[in-house]
Amino acid sequence: MLKPYHQNIVPEAGCDEAGRGCLAGPVVAAAVILPPDFHHPLLNDSKQLTKKEREALRPVIEKEALAWAVAECSPEEIDEINILQASILAMHRAVDKLSIRPELLLIDGNRFNPYPFIQHLCVVKGDSKFASIAAASVLAKTCRDELMEKLAADFPDYLWQQNAGYPTKAHRKAIEAIGPSPWHRKSFRLL
């Protein structure tokens with residue numbers, strides 16, 4: 001059962017990312033501030049949900065959240081600063097875009113660079129513990145999948161509409177056959 005909040009005194013935003021382990025595309029992060037009484041029976045860590053469930057939850061979260069935002073870091077930024085720092089930077093960018101300033105950030109994972117003047121709490125497996133982090137995981141994942149499906153139209157050989165840029169056999173086979181695209185992360189082991 002997801003906890004509705006860490007504390008109910010100040011606005012808190014859950015933050016999560018999607019696409020860290022991919023060979024191609026941006027890393028996408030989301031920040032979500034939910035009302036304290038928010039509950040949805042489907043809400044869970046996005047990796048535990050089907051694509052259909054995530055897509056059904058996305059408009060509910062976007063409508064009922066007090067504030068939400070999505071941001072990304074490009075493959076070039078990932079190559080320049082590394083995937084961990086790019087994931088954290090994408091979370092900072094998502095927090096920058098929130099229409100309500102939170103006073104606490106609940107971060108999925110165990111690493112984060114402090115955001116100026118906002119406290120944070122790192123929560124390992126936070127997307128299966130706190131509703132706001134789970135909601136952020138759903139928004140980050142659905143937005144990233146949608147982006148990769150659009151990119152797949154221009155780069156059909158890599159089958160991103162199926163693998164979202166993750167290192168599947170078919171994806172690696174396409175890289176071997178035709179080389180990397182401009183959307184591939186050059187600092188990653190592509191083959």
# chains A, B, ... in the order shown; residues from 1 in each chain; ligands from 1
>>> residues_around(residues="Cys122 of chain A", least_positions_apart="4", cutoff="8 Å", atoms="only C-alpha atoms", output="PDB file with C-alpha atoms, in the first residue's frame")
ATOM      1  CA  LEU A 106      10.835  12.798  -2.233  1.00  0.00           C
ATOM      2  CA  ILE A 107      13.445  11.309  -4.578  1.00  0.00           C
ATOM      3  CA  ASP A 108      13.264   7.773  -5.923  1.00  0.00           C
ATOM      4  CA  GLY A 109      16.673   6.206  -5.331  1.00  0.00           C
ATOM      5  CA  ASN A 110      19.685   6.817  -3.133  1.00  0.00           C
ATOM      6  CA  ARG A 111      21.496   9.692  -4.893  1.00  0.00           C
ATOM      7  CA  PHE A 112      20.522  13.311  -5.475  1.00  0.00           C
ATOM      8  CA  GLY A 126      10.326   5.050  -3.424  1.00  0.00           C
TER       9      GLY A 126
END
>>> residues_around(residues="Cys73 of chain A", least_positions_apart="2", cutoff="7 Å", atoms="only C-alpha atoms", output="short mmCIF file (atom, residue, chain, number, x, y, z; two decimals) with C-alpha atoms, in the first residue's frame")
data_model
loop_
_atom_site.label_atom_id
_atom_site.label_comp_id
_atom_site.auth_asym_id
_atom_site.auth_seq_id
_atom_site.Cartn_x
_atom_site.Cartn_y
_atom_site.Cartn_z
CA PRO A 26 16.68 11.31 -23.47
CA VAL A 27 16.31 10.51 -19.81
CA VAL A 28 12.93 11.89 -18.69
CA PRO A 75 21.64 12.09 -25.17
CA GLU A 77 23.96 15.90 -22.06
CA ILE A 78 24.00 12.29 -20.85
CA ALA A 86 21.68 13.75 -16.22
CA ALA A 90 16.23 16.25 -15.40
#
>>> residues_around(residues="segment 127-141 of chain A", least_positions_apart="2", cutoff="7 Å", atoms="only C-alpha atoms", output="PyMOL selection string")
chain A and resi 2-5+13-18+28-34+43-46+54+58+61+70+106+108+125+143-145
>>> write_last_selection(atoms="N, CA and C atoms", output="CSV table (one decimal), in the first residue's frame")
chain,number,residue,atom,x,y,z
A,2,LEU,N,0.6,2.1,-0.9
A,2,LEU,CA,1.4,3.4,-1.0
A,2,LEU,C,1.1,4.3,0.1
A,3,LYS,N,2.1,5.0,0.6
A,3,LYS,CA,1.8,6.0,1.6
A,3,LYS,C,1.4,7.3,0.9
A,4,PRO,N,0.4,8.0,1.4
A,4,PRO,CA,-0.1,9.2,0.7
A,4,PRO,C,0.9,10.4,0.7
A,5,TYR,N,1.8,10.4,1.8
A,5,TYR,CA,2.8,11.5,1.9
A,5,TYR,C,3.8,11.1,3.0
A,13,ALA,N,6.9,17.1,-3.2
A,13,ALA,CA,6.8,16.6,-4.6
A,13,ALA,C,7.6,15.3,-4.7
A,14,GLY,N,6.9,14.3,-5.3
A,14,GLY,CA,7.6,13.1,-5.6
A,14,GLY,C,8.3,13.2,-7.0
A,15,CYS,N,9.6,12.7,-7.0
A,15,CYS,CA,10.4,12.8,-8.3
A,15,CYS,C,10.9,11.4,-8.7
A,16,ASP,N,10.8,11.2,-10.0
A,16,ASP,CA,11.3,9.9,-10.5
A,16,ASP,C,11.7,10.2,-12.0
A,17,GLU,N,12.5,9.2,-12.5
A,17,GLU,CA,12.9,9.3,-13.9
A,17,GLU,C,12.6,8.0,-14.6
A,18,ALA,N,12.7,8.1,-16.0
A,18,ALA,CA,12.6,6.9,-16.8
A,18,ALA,C,13.7,7.0,-17.9
A,28,VAL,N,14.1,11.0,-19.0
A,28,VAL,CA,12.9,11.9,-18.7
A,28,VAL,C,12.6,11.8,-17.2
A,29,ALA,N,12.4,12.9,-16.6
A,29,ALA,CA,12.0,13.0,-15.2
A,29,ALA,C,10.7,13.7,-15.0
A,30,ALA,N,10.0,13.3,-13.9
A,30,ALA,CA,8.8,14.0,-13.5
A,30,ALA,C,8.8,14.4,-12.1
A,31,ALA,N,8.1,15.4,-11.7
A,31,ALA,CA,7.9,15.9,-10.4
A,31,ALA,C,6.4,16.1,-10.2
A,32,VAL,N,5.8,15.5,-9.1
A,32,VAL,CA,4.3,15.5,-8.9
A,32,VAL,C,4.0,15.9,-7.5
A,33,ILE,N,3.1,16.9,-7.3
A,33,ILE,CA,2.6,17.2,-6.0
A,33,ILE,C,1.1,16.7,-6.0
A,34,LEU,N,0.8,15.7,-5.2
A,34,LEU,CA,-0.5,15.2,-5.1
A,34,LEU,C,-1.3,15.8,-3.9
A,43,LEU,N,-2.6,3.0,-9.0
A,43,LEU,CA,-1.4,3.6,-8.8
A,43,LEU,C,-0.3,2.7,-8.1
A,44,ASN,N,0.8,2.6,-8.8
A,44,ASN,CA,1.9,1.8,-8.2
A,44,ASN,C,3.2,2.2,-9.0
A,45,ASP,N,4.3,1.6,-8.7
A,45,ASP,CA,5.5,1.8,-9.4
A,45,ASP,C,5.2,1.5,-10.9
A,46,SER,N,5.6,2.4,-11.8
A,46,SER,CA,5.2,2.2,-13.2
A,46,SER,C,5.7,0.9,-13.8
A,54,ARG,N,-0.7,2.3,-17.2
A,54,ARG,CA,0.0,3.6,-17.1
A,54,ARG,C,-0.7,4.6,-17.9
A,58,ARG,N,-2.2,8.2,-16.4
A,58,ARG,CA,-1.6,9.5,-16.8
A,58,ARG,C,-2.6,10.7,-16.8
A,61,ILE,N,-3.7,11.5,-13.1
A,61,ILE,CA,-2.6,12.2,-12.4
A,61,ILE,C,-2.5,13.7,-12.8
A,70,VAL,N,7.2,17.6,-16.3
A,70,VAL,CA,8.1,16.7,-16.9
A,70,VAL,C,9.2,17.4,-17.6
A,106,LEU,N,10.7,14.2,-2.5
A,106,LEU,CA,10.8,12.8,-2.2
A,106,LEU,C,11.4,12.2,-3.5
A,108,ASP,N,13.1,9.2,-5.8
A,108,ASP,CA,13.3,7.8,-5.9
A,108,ASP,C,14.7,7.4,-6.1
A,125,LYS,N,13.6,2.5,-3.8
A,125,LYS,CA,12.3,1.9,-4.2
A,125,LYS,C,11.1,2.8,-3.8
A,143,CYS,N,5.5,9.6,-20.7
A,143,CYS,CA,6.0,10.7,-21.6
A,143,CYS,C,7.2,10.2,-22.4
A,144,ARG,N,8.1,9.5,-21.8
A,144,ARG,CA,9.3,9.0,-22.5
A,144,ARG,C,8.9,8.0,-23.6
A,145,ASP,N,8.0,7.0,-23.2
A,145,ASP,CA,7.5,6.1,-24.2
A,145,ASP,C,6.9,6.7,-25.4
>>> residues_around(residues="Leu190 of chain A", least_positions_apart="2", cutoff="9 Å", atoms="only C-alpha atoms", output="list of chain:residue names")
A:Leu23, A:Pro167, A:Arg172, A:Ile175, A:Glu176, A:Pro180, A:His184, A:Arg185, A:Lys186, A:Ser187, A:Phe188
>>> closest_residue(among="A:Ile88, A:Ile9, A:Ala164, A:Ala94", to="Leu147 of chain A", atoms="only C-alpha atoms")
A:Ala164
>>> atom_distance(atom1="atom CA of Leu151 of chain A", atom2="atom CA of Leu191 of chain A")
20.6 Å
>>> atom_distance(atom1="atom CA of Ile118 of chain A", atom2="atom CA of Glu103 of chain A")
5.3 Å
>>> atom_distance(atom1="atom CA of Tyr158 of chain A", atom2="atom CA of Cys22 of chain A")
12.3 Å
>>> closest_residue(among="A:Gly179, A:Gly19, A:Pro35, A:Pro116", to="Met148 of chain A", atoms="only C-alpha atoms")
A:Gly19
>>> decode(residues="segment 28-133 of chain A", atoms="C-alpha atoms", output="short mmCIF file (atom, residue, chain, number, x, y, z; two decimals), in the first residue's frame")
data_model
loop_
_atom_site.label_atom_id
_atom_site.label_comp_id
_atom_site.auth_asym_id
_atom_site.auth_seq_id
_atom_site.Cartn_x
_atom_site.Cartn_y
_atom_site.Cartn_z
CA VAL A 28 12.93 11.89 -18.69
CA ALA A 29 12.00 12.96 -15.16
CA ALA A 30 8.76 14.02 -13.54
CA ALA A 31 7.86 15.86 -10.35
CA VAL A 32 4.35 15.54 -8.90
CA ILE A 33 2.58 17.19 -5.96
CA LEU A 34 -0.55 15.21 -5.07
CA PRO A 35 -3.35 16.28 -2.76
CA PRO A 36 -2.96 14.50 0.62
CA ASP A 37 -6.19 12.54 0.06
CA PHE A 38 -5.31 11.33 -3.46
CA HIS A 39 -5.92 7.64 -3.99
CA HIS A 40 -6.23 5.54 -7.11
CA PRO A 41 -6.46 1.73 -6.96
CA LEU A 42 -4.11 1.28 -9.95
CA LEU A 43 -1.35 3.63 -8.80
CA ASN A 44 1.92 1.80 -8.25
CA ASP A 45 5.52 1.80 -9.43
CA SER A 46 5.23 2.21 -13.22
CA LYS A 47 7.36 -0.92 -13.77
CA GLN A 48 4.64 -2.96 -12.02
CA LEU A 49 1.92 -1.65 -14.34
CA THR A 50 0.99 -2.58 -17.89
CA LYS A 51 1.29 0.01 -20.64
CA LYS A 52 -2.52 0.23 -20.72
CA GLU A 53 -2.68 0.86 -16.95
CA ARG A 54 0.02 3.55 -17.13
CA GLU A 55 -1.80 5.26 -19.99
CA ALA A 56 -5.09 5.15 -18.05
CA LEU A 57 -3.42 6.69 -14.98
CA ARG A 58 -1.60 9.50 -16.79
CA PRO A 59 -4.64 11.78 -17.42
CA VAL A 60 -5.93 11.11 -13.89
CA ILE A 61 -2.61 12.20 -12.37
CA GLU A 62 -2.36 15.23 -14.67
CA LYS A 63 -5.92 16.29 -13.76
CA GLU A 64 -5.90 15.62 -10.02
CA ALA A 65 -2.33 16.57 -9.06
CA LEU A 66 -1.93 19.96 -7.42
CA ALA A 67 1.07 20.44 -9.72
CA TRP A 68 3.11 18.27 -12.07
CA ALA A 69 5.90 18.73 -14.57
CA VAL A 70 8.06 16.65 -16.90
CA ALA A 71 11.56 17.48 -18.15
CA GLU A 72 14.43 15.72 -19.88
CA CYS A 73 18.14 15.61 -20.56
CA SER A 74 19.32 14.91 -24.10
CA PRO A 75 21.64 12.09 -25.17
CA GLU A 76 24.38 14.72 -25.65
CA GLU A 77 23.96 15.90 -22.06
CA ILE A 78 24.00 12.29 -20.85
CA ASP A 79 27.27 11.71 -22.74
CA GLU A 80 28.77 14.90 -21.32
CA ILE A 81 27.85 14.60 -17.62
CA ASN A 82 26.95 10.86 -17.25
CA ILE A 83 23.57 9.20 -16.81
CA LEU A 84 23.30 9.66 -13.03
CA GLN A 85 24.00 13.40 -13.20
CA ALA A 86 21.68 13.75 -16.22
CA SER A 87 18.88 11.97 -14.33
CA ILE A 88 19.32 14.32 -11.38
CA LEU A 89 19.47 17.36 -13.69
CA ALA A 90 16.23 16.25 -15.40
CA MET A 91 14.59 16.02 -11.94
CA HIS A 92 15.83 19.54 -11.10
CA ARG A 93 14.37 20.78 -14.40
CA ALA A 94 11.02 19.15 -13.60
CA VAL A 95 10.97 20.81 -10.15
CA ASP A 96 11.85 24.15 -11.85
CA LYS A 97 8.67 23.84 -13.93
CA LEU A 98 6.24 23.10 -11.07
CA SER A 99 3.51 25.73 -10.63
CA ILE A 100 3.65 25.23 -6.83
CA ARG A 101 6.97 25.37 -5.02
CA PRO A 102 7.37 22.29 -2.83
CA GLU A 103 9.20 22.43 0.48
CA LEU A 104 10.23 18.78 0.40
CA LEU A 105 11.31 16.55 -2.50
CA LEU A 106 10.84 12.80 -2.23
CA ILE A 107 13.44 11.31 -4.58
CA ASP A 108 13.26 7.77 -5.92
CA GLY A 109 16.67 6.21 -5.33
CA ASN A 110 19.69 6.82 -3.13
CA ARG A 111 21.50 9.69 -4.89
CA PHE A 112 20.52 13.31 -5.47
CA ASN A 113 22.18 16.70 -5.69
CA PRO A 114 20.48 19.19 -3.36
CA TYR A 115 17.99 21.48 -5.05
CA PRO A 116 18.49 25.09 -3.89
CA PHE A 117 16.47 25.94 -0.77
CA ILE A 118 14.31 22.78 -0.85
CA GLN A 119 14.96 19.82 1.45
CA HIS A 120 15.00 16.35 -0.07
CA LEU A 121 14.69 12.78 1.10
CA CYS A 122 16.07 9.89 -0.99
CA VAL A 123 13.88 6.79 -0.79
CA VAL A 124 15.17 3.52 -2.24
CA LYS A 125 12.32 1.91 -4.20
CA GLY A 126 10.33 5.05 -3.42
CA ASP A 127 8.06 4.45 -6.41
CA SER A 128 6.60 1.47 -4.55
CA LYS A 129 6.36 3.35 -1.22
CA PHE A 130 4.99 6.86 -1.84
CA ALA A 131 2.05 7.85 -4.05
CA SER A 132 3.73 11.04 -5.34
CA ILE A 133 6.85 9.15 -6.45
#
